[in-house]
>>> print(open('start_24.cif').read())   # mmCIF, C-alpha atoms
data_protein
loop_
_atom_site.label_atom_id
_atom_site.label_comp_id
_atom_site.auth_asym_id
_atom_site.auth_seq_id
_atom_site.Cartn_x
_atom_site.Cartn_y
_atom_site.Cartn_z
CA MET A 112 -50.52 -52.94 -19.76
CA ARG A 113 -51.48 -52.48 -23.40
CA TYR A 114 -54.85 -51.08 -22.32
CA LEU A 115 -53.17 -48.71 -19.93
CA PHE A 116 -51.01 -47.30 -22.74
CA ALA A 117 -54.00 -47.04 -25.03
CA PHE A 118 -55.89 -45.26 -22.26
CA LEU A 119 -53.01 -42.85 -21.67
CA ARG A 120 -52.67 -42.14 -25.37
CA LYS A 121 -56.34 -41.53 -25.81
CA ASN A 122 -56.50 -39.07 -22.92
CA ASN A 123 -53.01 -37.58 -23.34
CA ILE A 124 -54.26 -33.97 -23.39
CA PHE A 125 -56.13 -34.49 -20.16
CA PHE A 126 -53.05 -36.01 -18.50
CA LEU A 127 -50.85 -33.17 -19.74
CA PHE A 128 -53.38 -30.76 -18.25
CA LEU A 129 -53.37 -32.69 -14.97
CA PHE A 130 -49.57 -32.77 -14.93
CA LEU A 131 -49.22 -29.01 -15.45
CA GLU A 132 -51.85 -28.28 -12.80
CA ILE A 133 -50.05 -30.54 -10.32
CA ILE A 134 -46.83 -28.60 -10.92
CA ALA A 135 -48.77 -25.39 -10.19
CA ILE A 136 -50.20 -26.86 -6.98
CA VAL A 137 -46.76 -28.04 -5.83
CA LEU A 138 -45.36 -24.56 -6.46
CA MET A 139 -48.27 -23.02 -4.53
CA THR A 140 -47.87 -25.22 -1.47
CA LYS A 141 -44.13 -24.62 -1.49
CA ASN A 142 -44.79 -20.92 -1.58
CA ARG A 143 -46.94 -21.16 1.50
CA THR A 144 -44.40 -23.03 3.57
CA PHE A 145 -41.08 -21.56 2.50
CA THR A 146 -42.26 -18.12 1.46
CA GLY A 147 -38.81 -16.59 1.56
CA SER A 148 -36.87 -19.01 -0.55
CA VAL A 149 -39.32 -19.02 -3.43
CA ILE A 150 -39.83 -15.29 -3.42
CA LEU A 151 -36.09 -14.90 -3.76
CA ASN A 152 -36.68 -15.84 -7.38
CA SER A 153 -38.58 -12.67 -7.98
CA THR A 154 -35.97 -10.62 -6.16
CA SER A 155 -33.52 -11.66 -8.81
CA GLN A 156 -31.65 -9.14 -10.85
CA PHE A 157 -33.89 -9.14 -13.90
CA SER A 158 -37.27 -8.46 -12.36
CA GLY A 159 -35.62 -6.15 -9.85
CA SER A 160 -34.00 -3.92 -12.43
CA LEU A 161 -37.13 -3.96 -14.59
CA ASN A 162 -39.22 -2.79 -11.65
CA LYS A 163 -36.58 -0.22 -10.80
CA SER A 164 -36.60 1.41 -14.20
CA TYR A 165 -40.41 1.42 -14.16
CA SER A 166 -40.53 3.09 -10.77
CA GLY A 167 -37.95 5.58 -12.07
CA ILE A 168 -40.47 6.74 -14.65
CA ILE A 169 -43.49 6.73 -12.36
CA ASP A 170 -41.63 8.66 -9.62
CA TYR A 171 -41.82 11.90 -11.58
CA PHE A 172 -45.56 12.01 -11.16
CA ASP A 173 -45.27 11.76 -7.37
CA LEU A 174 -42.46 14.26 -6.88
CA LYS A 175 -44.70 16.88 -5.32
CA LYS A 176 -46.20 14.50 -2.78
CA THR A 177 -42.81 13.00 -1.92
CA ASN A 178 -41.48 16.51 -1.45
CA ASP A 179 -44.31 17.40 0.91
CA LEU A 180 -43.67 14.30 2.98
CA LEU A 181 -39.96 15.07 3.20
CA VAL A 182 -40.68 18.64 4.28
CA GLN A 183 -43.01 17.35 6.97
CA GLU A 184 -40.43 14.89 8.22
CA ASN A 185 -37.81 17.60 8.17
CA ALA A 186 -39.98 19.85 10.31
CA TYR A 187 -40.60 17.01 12.73
CA LEU A 188 -36.88 16.24 13.00
CA LYS A 189 -36.07 19.93 13.55
CA ASN A 190 -38.57 20.04 16.38
CA SER A 191 -37.02 16.95 17.90
CA ILE A 192 -33.56 18.57 17.78
CA ILE A 193 -34.88 21.62 19.60
CA GLN A 194 -36.41 19.40 22.25
CA ILE A 195 -33.24 17.38 22.65
CA ASN A 196 -31.17 20.56 22.92
CA ASN A 197 -33.52 21.90 25.58
CA ASN A 198 -33.25 18.74 27.63
CA TYR A 199 -29.62 18.19 26.87
CA ASN A 200 -28.50 18.20 30.45
CA THR A 201 -31.06 15.77 31.71
CA ILE A 202 -31.15 13.37 28.82
CA ILE A 203 -29.40 10.01 28.96
CA PRO A 204 -26.83 9.66 26.17
CA PRO A 205 -28.81 8.63 23.07
CA ASP A 206 -28.51 4.93 22.38
CA THR A 207 -26.89 4.06 19.11
CA ILE A 208 -28.12 0.49 18.90
CA TYR A 209 -30.22 1.28 15.84
CA GLN A 210 -28.95 2.47 12.50
CA TYR A 211 -31.17 3.32 9.57
CA ILE A 212 -30.64 2.39 5.93
CA VAL A 213 -32.76 4.43 3.51
CA ALA A 214 -34.36 2.40 0.73
CA LYS A 215 -36.68 3.21 -2.11
CA VAL A 216 -39.82 1.17 -2.74
CA ILE A 217 -39.69 -0.13 -6.31
CA SER A 218 -42.74 -2.33 -6.22
CA ASN A 219 -45.60 -2.56 -3.78
CA SER A 220 -49.07 -4.02 -3.45
CA VAL A 221 -51.88 -3.50 -0.96
CA HIS A 222 -54.88 -5.24 -2.46
CA LYS A 223 -53.81 -8.89 -2.27
CA ALA A 224 -54.19 -11.39 0.55
CA ASP A 225 -50.39 -11.52 0.90
CA ASN A 226 -48.68 -8.27 0.12
CA TYR A 227 -44.99 -7.76 -0.53
CA LEU A 228 -42.77 -4.78 -1.27
CA MET A 229 -39.53 -4.76 -3.17
CA LEU A 230 -36.78 -2.32 -2.14
CA ASP A 231 -33.72 -1.16 -4.06
CA LYS A 232 -31.29 -2.16 -1.30
CA GLY A 233 -29.81 -5.64 -0.81
CA LYS A 234 -26.96 -7.62 0.75
CA ARG A 235 -24.44 -5.12 -0.58
CA HIS A 236 -26.02 -2.37 1.47
CA GLY A 237 -26.26 -4.43 4.64
CA ILE A 238 -29.84 -5.69 4.41
CA LYS A 239 -30.43 -9.00 6.18
CA ILE A 240 -33.38 -11.35 6.50
CA ASP A 241 -35.83 -10.41 9.29
CA MET A 242 -34.73 -6.79 9.31
CA PRO A 243 -37.63 -4.50 10.20
CA ILE A 244 -38.76 -1.91 7.68
CA ILE A 245 -40.38 1.31 8.87
CA SER A 246 -41.42 4.55 7.26
CA ASP A 247 -41.62 8.03 8.74
CA GLN A 248 -45.33 7.31 9.32
CA GLY A 249 -44.90 4.01 11.13
CA ILE A 250 -44.42 0.31 10.73
CA VAL A 251 -44.16 -1.28 7.23
CA GLY A 252 -42.96 -4.90 7.40
CA SER A 253 -39.93 -7.15 7.64
CA VAL A 254 -37.42 -8.49 5.11
CA VAL A 255 -38.11 -12.05 3.93
CA ALA A 256 -35.60 -12.41 1.10
CA VAL A 257 -32.44 -10.62 -0.01
CA SER A 258 -30.45 -10.67 -3.22
CA GLU A 259 -27.31 -8.71 -4.05
CA ASN A 260 -29.04 -5.40 -4.85
CA PHE A 261 -32.68 -5.89 -3.87
CA CYS A 262 -34.82 -7.23 -1.08
CA SER A 263 -38.38 -8.51 -0.65
CA VAL A 264 -40.36 -7.26 2.30
CA MET A 265 -43.37 -9.00 3.81
CA SER A 266 -45.76 -6.15 4.43
CA VAL A 267 -47.80 -5.89 7.62
CA LEU A 268 -50.65 -6.46 5.14
CA HIS A 269 -49.98 -10.21 5.00
CA LYS A 270 -52.16 -12.92 6.43
CA ASP A 271 -49.17 -14.50 8.22
CA SER A 272 -48.02 -11.24 9.73
CA LYS A 273 -48.17 -10.97 13.51
CA ILE A 274 -46.58 -8.12 15.39
CA SER A 275 -46.13 -7.80 19.10
CA ALA A 276 -47.61 -4.42 20.04
CA LYS A 277 -48.49 -2.47 23.13
CA ILE A 278 -50.97 0.17 24.14
CA LYS A 279 -48.94 3.32 24.60
CA LYS A 280 -50.70 4.71 27.66
CA SER A 281 -50.88 1.50 29.68
CA ASN A 282 -47.95 -0.52 28.27
CA GLN A 283 -50.27 -3.55 27.95
CA LEU A 284 -49.22 -6.10 25.34
CA ALA A 285 -51.36 -7.33 22.44
CA ASN A 286 -50.85 -8.59 18.89
CA ILE A 287 -51.42 -6.88 15.55
CA LEU A 288 -52.92 -9.09 12.83
CA TRP A 289 -54.16 -8.28 9.36
CA ASP A 290 -56.95 -10.25 7.81
CA ASN A 291 -59.66 -7.88 6.75
CA MET A 292 -58.74 -7.05 3.15
CA ASP A 293 -58.61 -3.34 3.94
CA TYR A 294 -55.15 -1.85 3.62
CA GLN A 295 -55.91 0.96 6.06
CA ARG A 296 -57.10 -1.17 8.96
CA GLY A 297 -55.79 -4.03 11.06
CA THR A 298 -56.84 -6.01 14.09
CA LEU A 299 -55.47 -5.65 17.59
CA ALA A 300 -56.01 -9.10 19.04
CA ASP A 301 -55.49 -10.72 22.43
CA ILE A 302 -56.37 -7.66 24.52
CA PRO A 303 -56.98 -8.72 28.13
CA SER A 304 -60.56 -7.78 28.96
CA HIS A 305 -59.74 -5.82 32.11
CA ILE A 306 -57.79 -3.25 30.10
CA ASP A 307 -59.33 0.15 29.67
CA LEU A 308 -58.98 0.72 25.95
CA ARG A 309 -60.59 3.71 24.28
CA VAL A 310 -61.15 4.72 20.68
CA GLY A 311 -58.24 6.98 19.72
CA ASP A 312 -55.61 5.23 21.85
CA THR A 313 -52.20 4.90 20.25
CA ILE A 314 -50.69 1.48 19.53
CA ILE A 315 -46.92 1.14 19.21
CA SER A 316 -44.56 -1.80 18.73
CA SER A 317 -43.51 -3.52 21.95
CA GLY A 318 -39.99 -4.49 20.97
CA HIS A 319 -40.53 -7.93 22.48
CA SER A 320 -40.34 -9.86 19.22
CA LEU A 321 -36.74 -8.65 18.75
CA ILE A 322 -37.63 -7.77 15.16
CA TYR A 323 -39.10 -4.32 15.52
CA PRO A 324 -37.50 -1.78 17.84
CA GLU A 325 -39.70 -0.58 20.67
CA GLY A 326 -41.97 2.39 20.18
CA ILE A 327 -42.54 2.39 16.42
CA MET A 328 -45.94 3.85 15.64
CA ILE A 329 -48.45 1.27 14.38
CA GLY A 330 -51.85 2.94 14.50
CA ILE A 331 -54.81 4.27 16.40
CA VAL A 332 -57.75 2.35 17.85
CA GLU A 333 -60.77 2.99 15.68
CA ASN A 334 -63.37 0.65 17.06
CA TYR A 335 -63.48 -1.38 20.26
CA ASN A 336 -66.34 -3.42 21.62
CA THR A 337 -65.92 -5.56 24.68
CA ARG A 338 -67.63 -8.90 24.61
CA THR A 339 -68.87 -10.18 27.90
CA GLY A 340 -67.67 -13.62 28.84
CA SER A 341 -64.43 -13.72 26.90
CA SER A 342 -61.14 -12.93 28.55
CA LEU A 343 -59.44 -11.67 25.40
CA ASN A 344 -60.92 -8.98 23.17
CA SER A 345 -59.97 -7.52 19.84
CA ALA A 346 -60.16 -4.05 18.39
CA VAL A 347 -60.00 -2.48 14.95
CA ILE A 348 -57.07 -0.16 14.46
CA LYS A 349 -56.28 2.30 11.69
CA PHE A 350 -52.67 2.04 10.52
CA SER A 351 -50.64 5.23 10.72
CA THR A 352 -48.74 4.13 7.60
CA ASP A 353 -50.38 4.80 4.26
CA PHE A 354 -49.21 1.59 2.59
CA ASN A 355 -50.58 2.66 -0.75
CA SER A 356 -48.26 5.66 -1.12
CA LEU A 357 -44.97 4.39 0.30
CA LYS A 358 -41.96 5.81 -1.55
CA TYR A 359 -39.01 5.86 0.84
CA VAL A 360 -38.61 3.55 3.83
CA TYR A 361 -35.92 2.76 6.39
CA ALA A 362 -34.43 -0.62 7.19
CA VAL A 363 -33.49 -0.72 10.85
CA GLN A 364 -30.17 -2.30 11.69
CA ASN A 365 -29.90 -3.48 15.28
CA SER A 366 -26.21 -3.73 16.10
CA ARG A 367 -26.90 -5.74 19.25
CA LEU A 368 -29.39 -8.16 17.74
CA GLU A 369 -26.95 -11.07 17.62
CA GLU A 370 -26.07 -10.58 21.26
CA MET A 371 -29.75 -10.49 22.20
CA LEU A 372 -30.57 -13.61 20.17
CA LEU A 373 -27.62 -15.48 21.65
CA LEU A 374 -28.76 -14.66 25.16
CA LYS A 375 -32.30 -15.69 24.35
CA GLU A 376 -31.09 -18.99 22.93
CA GLU A 377 -28.99 -19.62 26.03
CA VAL A 378 -31.99 -19.10 28.29
CA GLU A 379 -34.19 -21.31 26.16
CA ASN A 380 -31.63 -24.11 26.08
CA ASP A 381 -31.32 -24.28 29.85
CA MET B 133 -48.04 -19.31 -40.25
CA THR B 134 -45.01 -17.11 -39.54
CA ARG B 135 -47.34 -14.11 -39.46
CA HIS B 136 -49.44 -15.84 -36.79
CA ILE B 137 -46.37 -16.56 -34.68
CA ILE B 138 -45.13 -12.98 -34.89
CA ILE B 139 -48.54 -11.49 -34.11
CA ASN B 140 -48.99 -13.77 -31.09
CA LEU B 141 -45.47 -13.27 -29.80
CA PHE B 142 -46.01 -9.53 -30.02
CA ARG B 143 -49.38 -9.84 -28.26
CA PHE B 144 -47.78 -11.97 -25.52
CA ILE B 145 -45.11 -9.36 -24.78
CA ILE B 146 -47.53 -6.41 -24.88
CA LEU B 147 -50.08 -8.12 -22.59
CA VAL B 148 -47.44 -9.23 -20.07
CA LEU B 149 -45.94 -5.73 -19.93
CA LEU B 150 -49.40 -4.13 -19.60
CA GLN B 151 -50.30 -6.59 -16.84
CA ILE B 152 -47.19 -6.17 -14.70
CA PHE B 153 -46.72 -2.45 -15.16
CA VAL B 154 -50.26 -1.13 -15.44
CA PHE B 155 -52.95 -3.54 -14.31
CA ASN B 156 -51.07 -5.05 -11.35
CA HIS B 157 -50.90 -1.53 -9.90
CA PHE B 158 -54.45 -0.80 -10.84
CA GLN B 159 -57.12 -0.91 -8.19
CA LEU B 160 -60.43 0.72 -8.72
CA MET B 161 -62.33 1.27 -5.46
CA GLY B 162 -59.69 -0.78 -3.66
CA PHE B 163 -60.64 -4.22 -4.91
CA ILE B 164 -61.00 -4.36 -8.69
CA ASN B 165 -57.86 -5.90 -10.20
CA PRO B 166 -58.26 -6.78 -13.86
CA TYR B 167 -56.12 -9.65 -15.21
CA VAL B 168 -56.19 -8.73 -18.87
CA TYR B 169 -53.23 -10.98 -19.81
CA ILE B 170 -55.63 -13.93 -20.21
CA LEU B 171 -56.68 -12.35 -23.53
CA PHE B 172 -53.56 -13.94 -25.06
CA ILE B 173 -54.96 -17.43 -24.52
CA LEU B 174 -58.43 -16.40 -25.70
CA LEU B 175 -57.16 -14.98 -29.00
CA LEU B 176 -54.76 -17.76 -30.04
CA PRO B 177 -55.49 -19.07 -33.56
CA LEU B 178 -58.21 -21.71 -33.84
CA GLU B 179 -55.90 -24.38 -35.22
CA THR B 180 -53.50 -24.19 -32.25
CA PRO B 181 -53.06 -27.79 -31.02
CA ARG B 182 -54.31 -28.45 -27.51
CA TRP B 183 -50.95 -29.45 -26.08
CA LEU B 184 -49.48 -26.16 -27.32
CA LEU B 185 -52.38 -24.27 -25.72
CA LEU B 186 -51.57 -25.92 -22.39
CA PHE B 187 -47.84 -25.18 -22.62
CA LEU B 188 -48.46 -21.57 -23.63
CA GLY B 189 -50.86 -21.24 -20.70
CA PHE B 190 -48.18 -22.58 -18.39
CA ILE B 191 -45.51 -20.21 -19.70
CA LEU B 192 -47.83 -17.19 -19.56
CA GLY B 193 -48.90 -18.04 -16.01
CA TYR B 194 -45.29 -18.55 -14.96
CA VAL B 195 -44.17 -15.19 -16.35
CA ILE B 196 -47.05 -13.36 -14.65
CA ASP B 197 -46.38 -15.17 -11.35
CA TYR B 198 -42.69 -14.34 -11.59
CA PHE B 199 -43.40 -10.63 -11.75
CA SER B 200 -46.22 -10.40 -9.25
CA HIS B 201 -44.83 -12.01 -6.10
CA SER B 202 -46.99 -15.10 -6.38
CA ILE B 203 -46.06 -18.62 -7.32
CA GLY B 204 -48.38 -21.06 -8.99
CA ILE B 205 -51.75 -19.33 -8.78
CA ASN B 206 -51.56 -17.66 -12.19
CA ILE B 207 -50.15 -20.87 -13.70
CA PHE B 208 -53.05 -22.88 -12.32
CA SER B 209 -55.83 -20.60 -13.54
CA THR B 210 -54.25 -19.92 -16.93
CA VAL B 211 -53.66 -23.61 -17.67
CA LEU B 212 -57.27 -24.27 -16.65
CA VAL B 213 -58.51 -21.68 -19.16
CA ALA B 214 -56.20 -23.08 -21.85
CA TYR B 215 -57.67 -26.55 -21.22
CA LEU B 216 -61.29 -25.40 -21.29
CA ARG B 217 -60.95 -23.08 -24.30
CA PRO B 218 -61.57 -25.66 -27.06
CA VAL B 219 -64.62 -26.97 -25.18
CA PHE B 220 -66.24 -23.54 -25.15
CA ILE B 221 -65.26 -22.80 -28.72
CA GLN B 222 -67.17 -25.95 -29.67
CA TYR B 223 -70.30 -24.85 -27.83
CA VAL B 224 -70.29 -21.12 -28.44
CA ILE B 225 -69.08 -20.99 -32.04
CA PRO B 226 -69.74 -24.47 -33.47
CA LYS B 227 -70.02 -23.29 -37.08
CA LEU B 228 -66.55 -21.74 -37.16
CA GLU B 229 -64.24 -23.80 -39.38
CA PRO B 230 -60.51 -23.47 -38.80
CA GLY B 231 -58.77 -21.75 -41.66
CA PRO B 232 -55.84 -19.48 -42.39
CA ASP B 233 -57.89 -16.28 -42.26
CA VAL B 234 -60.17 -17.22 -39.39
CA SER B 235 -59.41 -15.64 -36.06
CA ILE B 236 -61.40 -15.16 -32.90
CA SER B 237 -62.59 -11.56 -32.93
CA ILE B 238 -65.83 -9.59 -32.81
CA LYS B 239 -65.58 -9.00 -36.57
CA GLN B 240 -65.36 -12.71 -37.32
CA ILE B 241 -67.72 -14.35 -34.86
CA GLY B 242 -70.09 -11.53 -33.93
CA PHE B 243 -70.56 -9.57 -30.75
CA ASN B 244 -72.80 -12.03 -28.90
CA SER B 245 -70.64 -15.11 -29.48
CA PHE B 246 -67.50 -13.18 -28.62
CA LEU B 247 -69.02 -11.83 -25.40
CA THR B 248 -70.25 -15.27 -24.29
CA TYR B 249 -66.91 -16.89 -25.10
CA THR B 250 -64.69 -14.27 -23.36
CA GLY B 251 -67.22 -13.78 -20.57
CA ILE B 252 -67.33 -17.42 -19.47
CA LEU B 253 -63.57 -17.99 -19.69
CA VAL B 254 -62.66 -14.70 -17.97
CA PHE B 255 -65.07 -15.53 -15.13
CA ILE B 256 -63.58 -19.01 -14.72
CA HIS B 257 -60.08 -17.57 -14.72
CA HIS B 258 -60.76 -14.75 -12.25
CA ILE B 259 -62.77 -16.84 -9.82
CA THR B 260 -60.07 -19.57 -9.70
CA LEU B 261 -57.36 -16.95 -9.31
CA PHE B 262 -59.08 -14.97 -6.57
CA TYR B 263 -59.96 -18.03 -4.48
CA LEU B 264 -56.47 -19.50 -4.80
CA GLU B 265 -55.02 -16.19 -3.73
CA ILE B 266 -57.18 -15.88 -0.62
CA PHE B 267 -57.11 -19.60 0.18
CA ARG B 268 -59.56 -19.15 3.02
CA ILE B 269 -63.24 -19.91 3.21
CA SER B 270 -64.02 -17.08 5.64
CA TYR B 271 -64.02 -14.46 2.88
CA PHE B 272 -66.18 -16.47 0.50
CA PHE B 273 -68.59 -13.69 -0.46
CA THR B 274 -66.11 -10.81 -0.46
CA THR B 275 -63.85 -12.80 -2.76
CA LEU B 276 -66.75 -13.73 -5.01
CA LYS B 277 -67.77 -10.08 -5.28
CA ASN B 278 -64.18 -8.99 -6.03
CA ALA B 279 -63.77 -11.75 -8.62
CA ILE B 280 -67.03 -10.93 -10.40
CA LEU B 281 -66.48 -7.17 -10.47
CA SER B 282 -62.89 -7.61 -11.64
CA SER B 283 -64.06 -10.04 -14.36
CA ILE B 284 -66.59 -7.52 -15.61
CA PHE B 285 -63.88 -4.89 -15.75
CA THR B 286 -61.53 -7.23 -17.64
CA ILE B 287 -64.27 -8.11 -20.12
CA ILE B 288 -64.98 -4.42 -20.76
CA LEU B 289 -61.26 -3.79 -21.36
CA ILE B 290 -61.12 -6.76 -23.76
CA LEU B 291 -64.14 -5.48 -25.71
CA ILE B 292 -62.60 -1.99 -25.93
CA SER B 293 -59.34 -3.50 -27.20
CA GLN B 294 -61.31 -5.39 -29.87
CA TYR B 295 -62.84 -2.18 -31.19
CA LEU B 296 -59.52 -0.35 -31.00
CA PHE B 297 -57.44 -2.89 -32.89
CA TYR B 298 -59.81 -4.71 -35.20
CA SER B 299 -62.18 -2.02 -36.43
CA ARG B 300 -59.73 -0.71 -39.01
CA LYS B 301 -59.30 -4.06 -40.70
CA LYS B 302 -62.08 -5.21 -42.88
#
>>> encode(input="start_24.cif", output="structure tokens")
Amino acid sequence: MRYLFAFLRKNNIFFLFLFLEIIAIVLMTKNRTFTGSVILNSTSQFSGSLNKSYSGIIDYFDLKKTNDLLVQENAYLKNSIIQINNNYNTIIPPDTIYQYIVAKVISNSVHKADNYLMLDKGKRHGIKIDMPIISDQGIVGSVVAVSENFCSVMSVLHKDSKISAKIKKSNQLANILWDNMDYQRGTLADIPSHIDLRVGDTIISSGHSLIYPEGIMIGIVENYNTRTGSSLNSAVIKFSTDFNSLKYVYAVQNSRLEEMLLLKEEVEND
Amino acid sequence: MTRHIIINLFRFIILVLLQIFVFNHFQLMGFINPYVYILFILLLPLETPRWLLLFLGFILGYVIDYFSHSIGINIFSTVLVAYLRPVFIQYVIPKLEPGPDVSISIKQIGFNSFLTYTGILVFIHHITLFYLEIFRISYFFTTLKNAILSSIFTIILILISQYLFYSRKK
């Protein structure tokens, strides 16, 4: 026992080092399993408001670009109204399942292996965990943690992200993954090999995961090579969303989500 | 003594702010992310006890993690650098005797020693950090390339800061 104490005392710096590193490792492994709960820490009021005031300063430099984007979206919406008016008699009453909450991006990253965004809307504004986030250009991510005034969003650019997608022209299902360290491109995996997929085809969300509504733009097929002998292929897609310049995004509130989840649970329990 | 504490506290705050507001958003060619905050550990006074070095490394890593959506990875690599620092000081600048006016800077220890000392520790820090962040073996070479290029960029920034802040003093 005496030798043990002497040994500990002699190497106390090394053991302190080991102790601190073990704390770091424990924190890291926790982060990988319960991403949401730990990230909630950084959604807390202090870092949130600090990031918010920073983005308030930086925003002035991007005003012109933001303006251009808004004008573009405005034009697109105007066109849609004209189309709806033209088809007014034939159109089915628009469904009001989805409501949009506008949020501003106050911090964002695209160059890490796991990317997150922070938005300036939280519980108070109706944001809930798992809520999908989209931009006018396409898909962005889903909420993983909420505090009173802020929320953390797991970007599509995350190695655990997996989105149920479909090929617009054929309605065939596949999955969107991101693992290539390039914030402009993702992988469309699990494509059945009999599908006729061409470069330039549009990929949209399938709505099957119950997170994202159906028909949100994801991207365009950029490269597709079929391998002989395998039944599932993958393709490279270019995201329609420019993750690096996100300023304003929408959180999508699905008013019938609870009903849908309940039904799904009922079926699974039987 | 008090002067040392004030200078280092000031340096801590400045480096953390620079890291979270400037360099975390900084990406040259899409993959160069300098982690300049490690300079705080490198420039601590020579007579800093080792246990204090480790604790300061832990606190610095924690603060950076807290603001950059990551938990643990900055703590791990910063504590590692804080642990290895005295070892490299011994090898790179063996003649340097601790004293009240002795600090680690280009002026005091010369360009070559300073470059070797910062170079090695920045490389260790960046490589640990980048591999912990990716946590996958499939991107071994991409990660290595990103870590090395980012280290070089960090070292250049550190050298520039040395000439900016220490050239006026004699």
>>> resolve_selection(input="start_24.cif", expression="the PyMOL selection byres ((chain B) within 6 of (chain A))", output="PDB file with C-alpha atoms, keeping the file's coordinate frame")
ATOM      1  CA  TYR B 198     -42.690 -14.340 -11.590  1.00  0.00           C
ATOM      2  CA  ILE B 203     -46.060 -18.620  -7.320  1.00  0.00           C
ATOM      3  CA  GLY B 204     -48.380 -21.060  -8.990  1.00  0.00           C
ATOM      4  CA  ILE B 207     -50.150 -20.870 -13.700  1.00  0.00           C
ATOM      5  CA  PHE B 208     -53.050 -22.880 -12.320  1.00  0.00           C
ATOM      6  CA  ILE B 266     -57.180 -15.880  -0.620  1.00  0.00           C
TER       7      ILE B 266
END
>>> resolve_selection(input="start_24.cif", expression="the PyMOL selection byres ((chain B and resi 270-287) around 6)", output="ChimeraX atom specification")
/B:164-166,168,255,258-259,268-269,288-290
>>> closest_residue(input="start_24.cif", among="A:Lys176, A:Lys277, A:His236, A:Arg367", to="Leu299 (chain A)", atoms="only C-alpha atoms")
A:Lys277
>>> residues_around(input="start_24.cif", residues="region 210-218 of chain B", least_positions_apart="6", cutoff="6 Å", atoms="all atoms listed in the file", output="MDAnalysis selection string")
chainID B and resid 185:186 189:190 193
>>> residues_around(input="start_24.cif", residues="region 315-321 of chain A", least_positions_apart="6", cutoff="7 Å", atoms="all atoms listed in the file", output="PyMOL selection string")
chain A and resi 275-279+327-329
>>> atom_distance(input="start_24.cif", atom1="CA of His136 (chain B)", atom2="CA of Leu178 (chain B)")
11.0 Å
>>> atom_distance(input="start_24.cif", atom1="CA of Asn206 (chain B)", atom2="CA of Phe172 (chain B)")
13.5 Å
>>> residues_around(input="start_24.cif", residues="His305 (chain A)", least_positions_apart="4", cutoff="10 Å", atoms="only C-alpha atoms", output="list in words")
Thr337, Ser342, Leu343 and Asn344 of chain A
>>> build_atoms(input="start_24.cif", residues="region 302-311 of chain A", atoms="N, CA, C and O atoms", output="PDB file, in the coordinates of the input")
ATOM      1  N   ILE A 302     -56.379  -8.722  23.504  1.00  0.00           N
ATOM      2  CA  ILE A 302     -56.370  -7.660  24.520  1.00  0.00           C
ATOM      3  C   ILE A 302     -57.037  -8.218  25.779  1.00  0.00           C
ATOM      4  O   ILE A 302     -58.204  -8.623  25.731  1.00  0.00           O
ATOM      5  N   PRO A 303     -56.337  -8.250  26.901  1.00  0.00           N
ATOM      6  CA  PRO A 303     -56.980  -8.720  28.130  1.00  0.00           C
ATOM      7  C   PRO A 303     -58.211  -7.870  28.440  1.00  0.00           C
ATOM      8  O   PRO A 303     -58.169  -6.652  28.262  1.00  0.00           O
ATOM      9  N   SER A 304     -59.289  -8.508  28.889  1.00  0.00           N
ATOM     10  CA  SER A 304     -60.560  -7.780  28.960  1.00  0.00           C
ATOM     11  C   SER A 304     -60.609  -6.741  30.083  1.00  0.00           C
ATOM     12  O   SER A 304     -61.449  -5.859  30.081  1.00  0.00           O
ATOM     13  N   HIS A 305     -59.689  -6.815  31.030  1.00  0.00           N
ATOM     14  CA  HIS A 305     -59.740  -5.820  32.110  1.00  0.00           C
ATOM     15  C   HIS A 305     -59.095  -4.494  31.709  1.00  0.00           C
ATOM     16  O   HIS A 305     -59.137  -3.529  32.442  1.00  0.00           O
ATOM     17  N   ILE A 306     -58.490  -4.466  30.518  1.00  0.00           N
ATOM     18  CA  ILE A 306     -57.790  -3.250  30.100  1.00  0.00           C
ATOM     19  C   ILE A 306     -58.776  -2.182  29.669  1.00  0.00           C
ATOM     20  O   ILE A 306     -59.742  -2.452  28.977  1.00  0.00           O
ATOM     21  N   ASP A 307     -58.486  -0.965  30.084  1.00  0.00           N
ATOM     22  CA  ASP A 307     -59.330   0.150  29.670  1.00  0.00           C
ATOM     23  C   ASP A 307     -58.786   0.692  28.351  1.00  0.00           C
ATOM     24  O   ASP A 307     -57.790   1.413  28.317  1.00  0.00           O
ATOM     25  N   LEU A 308     -59.437   0.285  27.266  1.00  0.00           N
ATOM     26  CA  LEU A 308     -58.980   0.720  25.950  1.00  0.00           C
ATOM     27  C   LEU A 308     -60.044   1.618  25.358  1.00  0.00           C
ATOM     28  O   LEU A 308     -61.231   1.304  25.387  1.00  0.00           O
ATOM     29  N   ARG A 309     -59.640   2.763  24.850  1.00  0.00           N
ATOM     30  CA  ARG A 309     -60.590   3.710  24.280  1.00  0.00           C
ATOM     31  C   ARG A 309     -60.295   3.940  22.806  1.00  0.00           C
ATOM     32  O   ARG A 309     -59.153   3.805  22.371  1.00  0.00           O
ATOM     33  N   VAL A 310     -61.338   4.325  22.066  1.00  0.00           N
ATOM     34  CA  VAL A 310     -61.150   4.720  20.680  1.00  0.00           C
ATOM     35  C   VAL A 310     -60.209   5.917  20.660  1.00  0.00           C
ATOM     36  O   VAL A 310     -60.368   6.850  21.452  1.00  0.00           O
ATOM     37  N   GLY A 311     -59.199   5.876  19.793  1.00  0.00           N
ATOM     38  CA  GLY A 311     -58.240   6.980  19.720  1.00  0.00           C
ATOM     39  C   GLY A 311     -56.935   6.691  20.429  1.00  0.00           C
ATOM     40  O   GLY A 311     -55.976   7.456  20.299  1.00  0.00           O
TER      41      GLY A 311
END
